[in-house]
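Please read the structure below before turning to the comments.
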Amino acid sequence: MRTNLDGHVPTISARPHDLNMKDDAMNADSAHVLTGRYPELGSEPIPIEPYISPQYFELEKKYLFKKVWIHVGRVEEIPSAGDYFVKQLDACDASVLVVRNRDGAIHAFHNVCSHRMNKMVYTERGSTKKFFCKFHGWAYDLDGRLVGVPDEKCFTGLKREEHGLSPVNLDIWQGFIFLNFDRTPRQSLSDFLRPMYGELEGYPFEKMTSCYSWSAVVNCNWKLALDAFQETYHVSYVHGRSIASALLKSDAGGLRPLDGLCGEYHRRLSIAGNPKSVYGNPNALTSASNGEAPGSANRPIGEAALRFGRGGTRFDISQEDLPKAINWTRHPNWAFDINVLFPDFYLSTRPNYYQAYNFRPLAHDKFWFDARVYYPEMTTAGGRFYQEYMKVSLRDVLLEDLSTLEHNQAACATRAKTHMVLQDFEIMVRHQFAVIERMINEGQAEESRH
């Protein structure tokens, strides 16, 4: 099932941007700033069929998820030899075991015993010296080698070196662990990420060691959910009681992004904040803070959290210490950047914490939402108070975001409408659609040649 409106497969690349431009996208006179920058993405409505079709989901599995690099975790999750975690990746038809070996290297293997295909590890995470199959006791070391076979003499011509755990391609970028299920990946992880995110390298991800997480199974297509996180058009309405006042409005009164970038695969949005709020203050707890409380009379607890939390982090970092990709417009009221690492990894970066969300497809109309927020370690009670306040605030924002998704999916499934209409600052939704269409088309074309 194909949905491209005119059969054209757009070529997409990030456009250079002027850091000293007089008018940012937020307050530009034109209402079509981003659409004009990326005319190859078009401006017509896009079809809803990719959001509701089981057949389309099978194409995504085959030509996207089994071909590109997929984020699965961070190196800090398995700090010692023998530490491991297991990821169930339904879109790749795989369960994967990620483990640190005795030399400190991290490897990934299919979570399948070589004997009679039993799942090797049942638990989500743990630590071990060897892996033992619970069915017949075959044993494997931390490098995936077969090292133990009960009644081995009863097998004819068994060669242990030929029956280790099956490896999965693994690479690491800035402490994030990625997998690729293609036998011969078309490009390295560096080549996949660096054209868009090379200048993000050097962000102190490894220093943000306090992690809070939430997860849920949501009856919604993974793309429809991710769409809701890569535009600001909805904020005034979905988040009217929580963070809408924390983001900076444009001269026209809407919540527009400062700028947006679309690359071959990935996309970025830069967002302005209200510095008098807690959520929209990028300098909270950093040395760039002026030491004043935000003055939000209607949010006294938030004001207290910011005031008491100042100076409570184990390390101090100001905007000047951050890599060039952070706040690339150099806007004085910048709050955070949204980075969508194709296909399903959302990474929001700020000076004082970052958010890492995965939208794991389970079916054409269901996904696993794995949300994590990373902060610096706090050293004072005031710092912990600020962190707890931010934790519950972000929890409430996520609940607001999730509140519309299942209704959105159900409405799409009625097929009462066949296309969705997008405005200029929803171009990230359009970009996601275009990239997926291109990859499916390219995969099918390559297949037909062979």
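Identifiers in the structure tokens: chain A, B, ... in order shown; residue index from 1 per chain; ligand index from 1 in order shown.
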Secondary structure check, alpha helix (DSSP H) residues of range 95-249 of chain A, as a tab-separated table (two decimals) with C-alpha atoms, in the first residue's frame:
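result14.tsv, written as the output of this step:
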```
chain	number	residue	atom	x	y	z
A	189	LEU	CA	26.03	5.35	13.25
A	190	SER	CA	28.29	8.39	12.93
A	191	ASP	CA	27.32	8.90	9.29
A	192	PHE	CA	23.67	8.48	10.26
A	193	LEU	CA	23.71	11.08	13.05
A	194	ARG	CA	26.52	13.56	12.55
A	195	PRO	CA	25.16	15.54	9.57
A	196	MET	CA	22.38	16.81	11.85
A	197	TYR	CA	23.80	16.28	15.33
A	222	TRP	CA	3.69	5.52	17.03
A	223	LYS	CA	3.89	8.26	14.39
A	224	LEU	CA	0.67	9.92	15.48
A	225	ALA	CA	2.04	10.06	19.02
A	226	LEU	CA	5.45	11.38	18.00
A	227	ASP	CA	3.74	14.04	15.88
A	235	VAL	CA	0.55	23.76	23.65
A	236	SER	CA	-1.96	26.55	24.34
A	237	TYR	CA	-4.79	24.05	24.36
A	238	VAL	CA	-3.47	20.73	25.64
```
Practice item. For Asp83 in chain A, work out the shell of residues within 10 Å, counting only C-alpha atoms and skipping chain neighbours fewer than 4 positions away, then give it as a PyMOL selection string. Key: chain A and resi 77-79+98-102+106+125-129+142
Written file, previous selection with N, CA and C atoms, as a short mmCIF file (atom, residue, chain, number, x, y, z; two decimals), in the first residue's frame:
```cif
data_model
loop_
_atom_site.label_atom_id
_atom_site.label_comp_id
_atom_site.auth_asym_id
_atom_site.auth_seq_id
_atom_site.Cartn_x
_atom_site.Cartn_y
_atom_site.Cartn_z
N GLU A 77 23.53 2.50 32.21
CA GLU A 77 22.60 1.47 32.69
C GLU A 77 23.32 0.16 32.98
N ILE A 78 24.47 -0.05 32.37
CA ILE A 78 25.23 -1.28 32.58
C ILE A 78 26.69 -0.91 32.88
N PRO A 79 26.97 -0.39 34.07
CA PRO A 79 28.30 0.16 34.37
C PRO A 79 29.39 -0.88 34.59
N VAL A 98 21.66 -6.85 25.72
CA VAL A 98 22.78 -5.91 25.67
C VAL A 98 23.58 -6.08 26.95
N VAL A 99 24.90 -6.37 26.82
CA VAL A 99 25.70 -6.74 27.99
C VAL A 99 27.08 -6.10 27.92
N ARG A 100 27.65 -5.79 29.09
CA ARG A 100 29.03 -5.32 29.17
C ARG A 100 29.92 -6.51 29.52
N ASN A 101 30.98 -6.72 28.73
CA ASN A 101 31.85 -7.86 28.97
C ASN A 101 32.96 -7.53 29.99
N ARG A 102 33.85 -8.48 30.21
CA ARG A 102 34.87 -8.31 31.24
C ARG A 102 35.90 -7.24 30.87
N ILE A 106 30.74 -3.16 25.27
CA ILE A 106 29.31 -3.47 25.27
C ILE A 106 28.95 -4.18 23.97
N ARG A 125 16.56 -6.75 33.27
CA ARG A 125 17.93 -6.33 33.52
C ARG A 125 18.50 -7.12 34.68
N GLY A 126 19.82 -7.10 34.80
CA GLY A 126 20.45 -7.80 35.91
C GLY A 126 21.96 -7.82 35.73
N SER A 127 22.62 -8.73 36.44
CA SER A 127 24.07 -8.89 36.35
C SER A 127 24.40 -10.37 36.50
N THR A 128 25.35 -10.85 35.73
CA THR A 128 25.66 -12.27 35.73
C THR A 128 27.09 -12.50 35.28
N LYS A 129 27.63 -13.70 35.55
CA LYS A 129 28.93 -14.08 35.03
C LYS A 129 28.79 -14.86 33.73
N LEU A 142 30.10 -13.75 28.51
CA LEU A 142 29.67 -12.37 28.28
C LEU A 142 29.99 -11.87 26.88
#
```
Practice item. List the neighbours of Asn111 in chain A out to 10 Å using only C-alpha atoms; skip same-chain residues closer than 4 positions along the sequence, and give me the result as a ChimeraX atom specification. Key: /A:86-88,94-98,117-122,165-167
Exercise for review: Write out as JSON, numbers by chain all residues of range 81-178 of chain A that DSSP puts in strand (DSSP E or B) for this structure's backbone.
Suggested key: {"A": [83, 84, 85, 86, 87, 88, 89, 94, 95, 96, 97, 98, 99, 100, 106, 107, 108, 109, 110, 112, 119, 125, 126, 127, 131, 132, 139, 140, 146, 147, 148, 167, 169, 170, 171, 172, 173, 176, 177, 178]}
Check your understanding: Smallest atom-to-atom distance to His364 in chain A: which of A:Ala413, A:Pro257, A:Asp321, A:Gly302, using only C-alpha atoms?
Key ->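 Looking at the shortest contact to His364 in chain A, the residue is A:Ala413.
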Review point. If you count only C-alpha atoms, which residues fall within 7 Å of Lys324 in chain A, apart from same-chain ones fewer than 4 positions away, as a ChimeraX atom specification?
Key: /A:199-200,328
For N, CA and C atoms, I'd like the residues from the last selection saved as a PDB file, in the first residue's frame.
```pdb
ATOM      1  N   GLU A 199      27.218  18.804  15.833  1.00  0.00           N
ATOM      2  CA  GLU A 199      27.504  19.938  16.710  1.00  0.00           C
ATOM      3  C   GLU A 199      26.786  19.846  18.053  1.00  0.00           C
ATOM      4  N   LEU A 200      26.070  18.754  18.279  1.00  0.00           N
ATOM      5  CA  LEU A 200      25.499  18.490  19.601  1.00  0.00           C
ATOM      6  C   LEU A 200      26.474  17.689  20.462  1.00  0.00           C
ATOM      7  N   TRP A 328      20.795  27.195  18.600  1.00  0.00           N
ATOM      8  CA  TRP A 328      21.541  27.614  17.412  1.00  0.00           C
ATOM      9  C   TRP A 328      21.097  28.975  16.876  1.00  0.00           C
TER      10      TRP A 328
END
```
Point to revise | Distance query range 64-68 of chain A at most 9 Å, only C-alpha atoms, self and fewer than 5 positions along chain excluded, as a ChimeraX atom specification | key: /A:59,91-93,179-183,185-187,189,192,342-343,436,439-440,443
Next, the residues of the selection above should be written as a compact mmCIF listing (two decimals), in the first residue's frame with C-alpha atoms.
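Heads up, here's the output in again30.txt:
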```
# COMPACT_ATOMS: atom_id res chain seq x y z
CA LEU A 59 6.35 -1.90 5.37
CA ALA A 91 9.03 -3.47 15.14
CA CYS A 92 12.24 -5.45 14.54
CA ASP A 93 10.67 -8.81 15.49
CA LEU A 179 21.40 -1.18 17.37
CA ASN A 180 21.09 -1.97 13.68
CA PHE A 181 19.49 -5.22 12.48
CA ASP A 182 20.65 -4.98 8.90
CA ARG A 183 23.34 -7.60 8.24
CA PRO A 185 24.24 -1.50 7.66
CA ARG A 186 24.11 1.01 4.81
CA GLN A 187 25.93 3.57 6.94
CA LEU A 189 26.03 5.35 13.25
CA PHE A 192 23.67 8.48 10.26
CA PHE A 342 14.82 9.03 13.25
CA PRO A 343 12.81 6.96 13.54
CA ILE A 436 9.24 7.30 5.79
CA MET A 439 12.68 4.95 2.67
CA ILE A 440 9.86 2.58 1.79
CA GLY A 443 13.61 -0.19 -0.23
```
List the neighbours of Tyr140 in chain A out to 6 Å using only C-alpha atoms; skip same-chain residues closer than 2 positions along the sequence, and give me the result as a compact mmCIF listing (two decimals) with C-alpha atoms, in the first residue's frame.
```txt
# COMPACT_ATOMS: atom_id res chain seq x y z
CA LYS A 130 27.37 -16.33 32.38
CA PHE A 131 24.04 -16.75 30.65
CA GLY A 144 28.28 -14.62 23.51
CA ARG A 145 30.51 -17.68 23.12
CA LEU A 146 29.02 -21.08 23.82
CA VAL A 147 30.97 -22.39 26.83
```
